Amino acid sequence: MTHHRLAFGGDYNPEQWPEAVWHEDVRLMREAGVTMVSVGIFSWALLEPAQGDYDFGWLDRVIDLLHENGIAVDLGTPTVAPPKWFYTAHPDALPVTADGNRLAFGSRGAICHSNQAYRDAAARITERLARRYGTHEAVAMWHVHNEYGVPVSACYCESCAAHFRRWLTATYETVDHVNHAWGTAFWGQRYASFEEIDPPRTTPTVGNPAQQLDYKRFADATLRENFQRERDILHRLAPGIPVTTNFMTALSQCDSIDYWAWGREVDLVTNDHYLITDGRRTHVNLAMAADLTRSVAGGAPWLLLEHSTSGVNWQPRNPAKTPGQMARNSLGHVARGSEGAMFFQWRQSRRGAEKFHSAMVPHGGTDTKVWREVCELGAALGELAQVRDTRTVADAALLWDWHSWWAQQLEWRPSEDHDARERADTFYEALYDRHLTVDFAHPEADLSAYPLVVVPALYLATEAAALNIREYVENGGTLVVSYFSGIVDEHDAVHDGPYPGAFRDVLGLTVEEFSPLLAGETVSVTGPDGARLTGDVWTELVVPRGAEPVWTYETDTTGLAAGRPAVTRHTYGQGTAWYVSTRLSAQDLDTILAAAGTDAGIEPRPELPRDVETVTRTGESGTYVFAINHTQDEVKIPLDGPSTELLTGHTATGHLCVPPGAVRVARREAP
C-alpha cells in the first residue's frame, strides 16, 4: 500500500445509497480516522449493465470524492457476482453439484470457474477497470474477486470434467500413472484413457478417496488460475499497485483453499475473520487465525481486510460484542502482524441478506456504542502507525497442511469423531495458554528457527515432509506429534510398513492397531508422578522401538491399549520427539507441552494470567509489546527496562498496567 498509516476502514458500497449520502459518508470517515475503503466488489451489474455497455460515471465520482478527502481506495474487480444478463446468455456458467443439480442465480459466488465464457467476461471487466483507474492516485490496492471458495469451491459439470482431464494430463502425463496413484485396481476402477475419467460425482457408496483428493486440488488450482489471470492483467495495466484477494484462513470458515499456495500468488496477504460464537473462547480462535495468516504471508506484514464491529448475521445466534471487544479483536490482529483493521462494512445495509450484519455506521447512527468505539479505534490505530513494517516474533511452530485436512475429511476413516481441525484448535489453545506466540508452517518448510514444533493432525505426510521433520529433530529440535499422523502419502496410500508410517523412525515406535473409542468412552493415562490425564475418541496399541513410555494407559482401560504406552519420548540425534496417542483436552495437553518445552529450553511464564496475551513486534522502528487483557481484572505485565505506552503516552518502568478488557502497547526504549 502506498500510504504510511495503518489501514482503517471497511467495505464501502455507495451504490446501495442515494448519492446525497456519499458526502455525509466521507465526512464521517474523516471523523473516525478512516484511511482506506474497499469499493466495487459486487458492482458488476452497475458497471456493465449490458454486455459491452459500460457505466463508470458513478464510480468515477465516488473515487474522486474519496481521494479529495484523503481516503485511499482498495478497488475491487467485481467478478464474484456476474450480472443476470451474463447468466441468461450463459446458463452453463452456473455451477453443478456432485449429485447433478445446477445452482440458480440470486446469491453470490454461483460460478463454474472452468467456464470459458465466465473467464473471458471476468478478464474483460478487469481490463476495463485497470485501464480506467490504474493510474488514479486514490487506488492503493486491487482487490480481485471476493473470498474464493466461499460459498462454492467445486463444480461437477461437463466443462469441469473436460478441464479436470486436462489437469490430470498435465499432472500425471499418462493414464497409467493416474491408475497407480489412485489405486484403481481396488473395486475394478481402472481407466483405459483420460477421456474415461469424470469428476467424483455422487456414487452408490464411497468413491475413490485419491480421486476425491485430487479433485479438491484441481478445484483449488482452477480458482487460482482465474485469480492469476485477473492479477496479471492488473500488473500489466496498473504496474506498481499491489494486487490481493481476501483469504479466509480461519480453519472453521473455509476448508477448500490451499492458502500456502495462494500466499505465494498475492502481492499482499489479506484476510477476513469473523468470530465463531459457539461457546468457546473466541479470542483464542482469533489469535490462531491471525497467526496462520501471518504464516501464510511468510512472516511478512499482512492486512485484516474484513471483520465485524459487533454481531454478524449468518450464525444460528449472533450476539453483539461487549464494550471494548471490538478494539481487543482489532488490535489482536495488529499484534500478530496485520497492518491495520478493516471491516465489513462501512454503512449497515437496509436491504439484502446482510442487513443485520453490524457495520462501522450502524442503523442507529452515530449516537451508538458501536460508532463511539469505531472512532476510538481509529484514534488508537493512528497512534500505532510506527509499528508498520515490523514483524511478529514467534516462539514455536505448529505444522498444518490443507491437503492433509482434505484427506482426513474423506469417508471411512477409523473414527468419525476424529477431527483434524479440532486437534489443531486444541493444540493451538494449549500453546496459547502457555503464552507462546505460534507460527504455522508447512510440513516441508524450514523449521530450524523453532525450538518447539507441534504436529497435531498430519495424517497425510509426504516423504519430503518426513525427511524434513527427521532432520529437524536430528539437529536438536523438539517435536510433539499427535495420533493418526504420518499414515498416508500424497495420494492417500498408506505408507509401507507399520504405523505411524512416515514418523515411526523419529518417534521410535510402531503402532500395531488403532483402537478408537465409542461415543462417550474415556480413558485415563498416568504420568511418572502419578498425575492422571483423561483421553477420549482415540487410543492405539503403541510398541516402543527406542522410545521411552512417559504416560501409560491405566490397566482398566477399555480395549487394546490397557497398560500400554500412551505418551512417549524418544531421543533422536540431538533432539527429542514426543508422541501423544489419545485425544487430550487443551488443559491436559499443557502437561505434555510443559515437559516438551523443558526439552526445548522454553521458559514458562507463570506471571501471566490466563486470557492475557503478550505479543511482540520488532523492526527498525523499535520493539513493541502488545498486551491484551481479556479478563475482568487489571493485570501487570513484566517489562524489560523503561517503555513508552503508545495509547496513553505514559512511561512504564518494570511493568505495564493493563486495565480490565483493555489493550496497551509498549515501545521499549533503547538502553
# chains A, B, ... in the order shown; residues from 1 in each chain; ligands from 1
>>> closest_atom_pairs(of="segment 466-522 of chain A", to="segment 176-189 of chain A", cutoff="9 Å", atoms="only C-alpha atoms", output="CSV")
residue,atom,partner,partner_atom,distance
A:Glu490,CA,A:Ala181,CA,8.9
A:His491,CA,A:Ala181,CA,5.9
A:Asp492,CA,A:Trp182,CA,8.2
A:Ala493,CA,A:Gly183,CA,8.0
>>> select_by_dssp(residues="segment 386-594 of chain A", states="alpha helix (DSSP H)", output="PyMOL selection string")
chain A and resi 402-408+420-433+463-474+504-507+586-594
>>> residues_around(residues="segment 293-295 of chain A", least_positions_apart="5", cutoff="8 Å", atoms="only C-alpha atoms", output="ChimeraX atom specification")
/A:249,269-271,300-302,336-338,439-441
>>> write_last_selection(atoms="N, CA, C and O atoms", output="PDB file, in the first residue's frame")
ATOM      1  N   THR A 249      -8.627 -17.547   6.312  1.00  0.00           N
ATOM      2  CA  THR A 249      -7.747 -18.596   6.814  1.00  0.00           C
ATOM      3  C   THR A 249      -8.266 -19.285   8.068  1.00  0.00           C
ATOM      4  O   THR A 249      -7.778 -20.370   8.403  1.00  0.00           O
ATOM      5  N   VAL A 269      -0.811 -10.426   1.479  1.00  0.00           N
ATOM      6  CA  VAL A 269      -1.801 -11.339   2.044  1.00  0.00           C
ATOM      7  C   VAL A 269      -2.809 -10.532   2.845  1.00  0.00           C
ATOM      8  O   VAL A 269      -2.437  -9.720   3.703  1.00  0.00           O
ATOM      9  N   THR A 270      -4.082 -10.745   2.546  1.00  0.00           N
ATOM     10  CA  THR A 270      -5.160 -10.114   3.313  1.00  0.00           C
ATOM     11  C   THR A 270      -6.110 -11.212   3.787  1.00  0.00           C
ATOM     12  O   THR A 270      -6.208 -12.272   3.176  1.00  0.00           O
ATOM     13  N   ASN A 271      -6.833 -10.933   4.871  1.00  0.00           N
ATOM     14  CA  ASN A 271      -7.679 -11.965   5.455  1.00  0.00           C
ATOM     15  C   ASN A 271      -8.977 -11.365   5.975  1.00  0.00           C
ATOM     16  O   ASN A 271      -9.022 -10.224   6.423  1.00  0.00           O
ATOM     17  N   ALA A 300       5.753 -11.993   6.829  1.00  0.00           N
ATOM     18  CA  ALA A 300       5.705 -10.571   6.465  1.00  0.00           C
ATOM     19  C   ALA A 300       4.420  -9.935   6.976  1.00  0.00           C
ATOM     20  O   ALA A 300       3.431 -10.623   7.240  1.00  0.00           O
ATOM     21  N   PRO A 301       4.384  -8.608   7.087  1.00  0.00           N
ATOM     22  CA  PRO A 301       3.133  -7.943   7.448  1.00  0.00           C
ATOM     23  C   PRO A 301       2.026  -8.274   6.452  1.00  0.00           C
ATOM     24  O   PRO A 301       2.261  -8.465   5.258  1.00  0.00           O
ATOM     25  N   TRP A 302       0.799  -8.323   6.958  1.00  0.00           N
ATOM     26  CA  TRP A 302      -0.377  -8.651   6.160  1.00  0.00           C
ATOM     27  C   TRP A 302      -1.472  -7.675   6.567  1.00  0.00           C
ATOM     28  O   TRP A 302      -1.201  -6.718   7.289  1.00  0.00           O
ATOM     29  N   ARG A 336      -0.435  -9.445  15.891  1.00  0.00           N
ATOM     30  CA  ARG A 336       0.054 -10.646  15.214  1.00  0.00           C
ATOM     31  C   ARG A 336       0.362 -10.394  13.746  1.00  0.00           C
ATOM     32  O   ARG A 336       0.395 -11.326  12.955  1.00  0.00           O
ATOM     33  N   GLY A 337       0.605  -9.123  13.401  1.00  0.00           N
ATOM     34  CA  GLY A 337       1.193  -8.822  12.107  1.00  0.00           C
ATOM     35  C   GLY A 337       0.368  -8.017  11.143  1.00  0.00           C
ATOM     36  O   GLY A 337       0.883  -7.592  10.105  1.00  0.00           O
ATOM     37  N   SER A 338      -0.927  -7.782  11.410  1.00  0.00           N
ATOM     38  CA  SER A 338      -1.738  -7.023  10.463  1.00  0.00           C
ATOM     39  C   SER A 338      -1.304  -5.561  10.432  1.00  0.00           C
ATOM     40  O   SER A 338      -0.979  -4.973  11.460  1.00  0.00           O
ATOM     41  N   ASP A 439       3.903 -19.639  15.086  1.00  0.00           N
ATOM     42  CA  ASP A 439       3.888 -19.636  13.631  1.00  0.00           C
ATOM     43  C   ASP A 439       3.301 -20.959  13.168  1.00  0.00           C
ATOM     44  O   ASP A 439       3.565 -22.005  13.774  1.00  0.00           O
ATOM     45  N   PHE A 440       2.528 -20.925  12.091  1.00  0.00           N
ATOM     46  CA  PHE A 440       2.172 -22.143  11.387  1.00  0.00           C
ATOM     47  C   PHE A 440       3.214 -22.387  10.302  1.00  0.00           C
ATOM     48  O   PHE A 440       3.791 -21.446   9.761  1.00  0.00           O
ATOM     49  N   ALA A 441       3.442 -23.642   9.982  1.00  0.00           N
ATOM     50  CA  ALA A 441       4.440 -23.965   8.966  1.00  0.00           C
ATOM     51  C   ALA A 441       3.970 -25.145   8.137  1.00  0.00           C
ATOM     52  O   ALA A 441       3.329 -26.066   8.650  1.00  0.00           O
TER      53      ALA A 441
END
>>> closest_residue(among="A:Pro660, A:Gly530, A:Pro451, A:Pro362", to="Gly597 of chain A", atoms="only C-alpha atoms")
A:Pro451
>>> select_by_dssp(residues="segment 514-549 of chain A", states="strand (DSSP E or B)", output="MDAnalysis selection string")
chainID A and resid 514 522:526 532:536 540:544 548:549
>>> residues_around(residues="Thr126 of chain A", least_positions_apart="4", cutoff="7 Å", atoms="only C-alpha atoms", output="JSON, numbers by chain")
{"A": [77, 122, 130, 230]}
>>> closest_residue(among="A:Trp412, A:Trp538, A:Trp400, A:Tyr54", to="Phe514 of chain A", atoms="only C-alpha atoms")
A:Trp538
>>> closest_residue(among="A:Pro83, A:Gly332, A:Pro606, A:Pro200", to="Val625 of chain A", atoms="only C-alpha atoms")
A:Gly332
>>> atom_distance(atom1="atom CA of Tyr133 of chain A", atom2="atom CA of Val150 of chain A")
27.4 Å
>>> residues_around(residues="Thr368 of chain A", least_positions_apart="6", cutoff="12 Å", atoms="only C-alpha atoms", output="JSON, numbers by chain")
{"A": [309, 310, 323, 359, 360, 361, 362, 374, 375]}
>>> closest_residue(among="A:Ala290, A:Ala379, A:Ala138, A:Ala577", to="Ile63 of chain A", atoms="only C-alpha atoms")
A:Ala138
>>> closest_residue(among="A:Ile602, A:Ala519, A:Ser581, A:Asp395", to="Ala449 of chain A", atoms="only C-alpha atoms")
A:Asp395
>>> residues_around(residues="Pro78 of chain A", least_positions_apart="3", cutoff="12 Å", atoms="only C-alpha atoms", output="VMD selection string")
chain A and resid 38 to 48 75 81 to 83 108 to 109 121 to 129 142 to 147 230 245
>>> residues_around(residues="Leu103 of chain A", least_positions_apart="4", cutoff="12 Å", atoms="only C-alpha atoms", output="list in words")
Tyr87, Pro91, Asp92, Ala93, Leu94, Pro95, Val96, Thr97, Ala98, Asp99, Ser107, Arg108, Gly109, Ala110, Ile111, Cys112, Pro151, Val152, Ala154, Cys155, Tyr156 and Cys157 of chain A
>>> write_last_selection(atoms="C-alpha atoms", output="compact mmCIF listing (two decimals), in the first residue's frame")
# COMPACT_ATOMS: atom_id res chain seq x y z
CA TYR A 87 -26.23 -15.99 -16.88
CA PRO A 91 -26.64 -20.61 -18.15
CA ASP A 92 -23.90 -23.25 -18.19
CA ALA A 93 -21.73 -20.87 -16.14
CA LEU A 94 -23.83 -21.71 -13.08
CA PRO A 95 -22.17 -24.47 -11.02
CA VAL A 96 -23.39 -28.05 -10.78
CA THR A 97 -23.29 -30.03 -7.53
CA ALA A 98 -21.85 -33.54 -7.22
CA ASP A 99 -25.34 -35.03 -7.45
CA SER A 107 -26.99 -15.17 -4.36
CA ARG A 108 -23.22 -14.68 -4.72
CA GLY A 109 -20.34 -16.77 -5.94
CA ALA A 110 -22.52 -19.03 -8.13
CA ILE A 111 -19.76 -19.64 -10.66
CA CYS A 112 -18.32 -22.54 -12.61
CA PRO A 151 -19.67 -20.49 -0.90
CA VAL A 152 -18.83 -22.66 -3.95
CA ALA A 154 -16.04 -27.04 -6.82
CA CYS A 155 -18.33 -27.62 -9.78
CA TYR A 156 -19.06 -31.02 -11.35
CA CYS A 157 -20.38 -30.05 -14.80
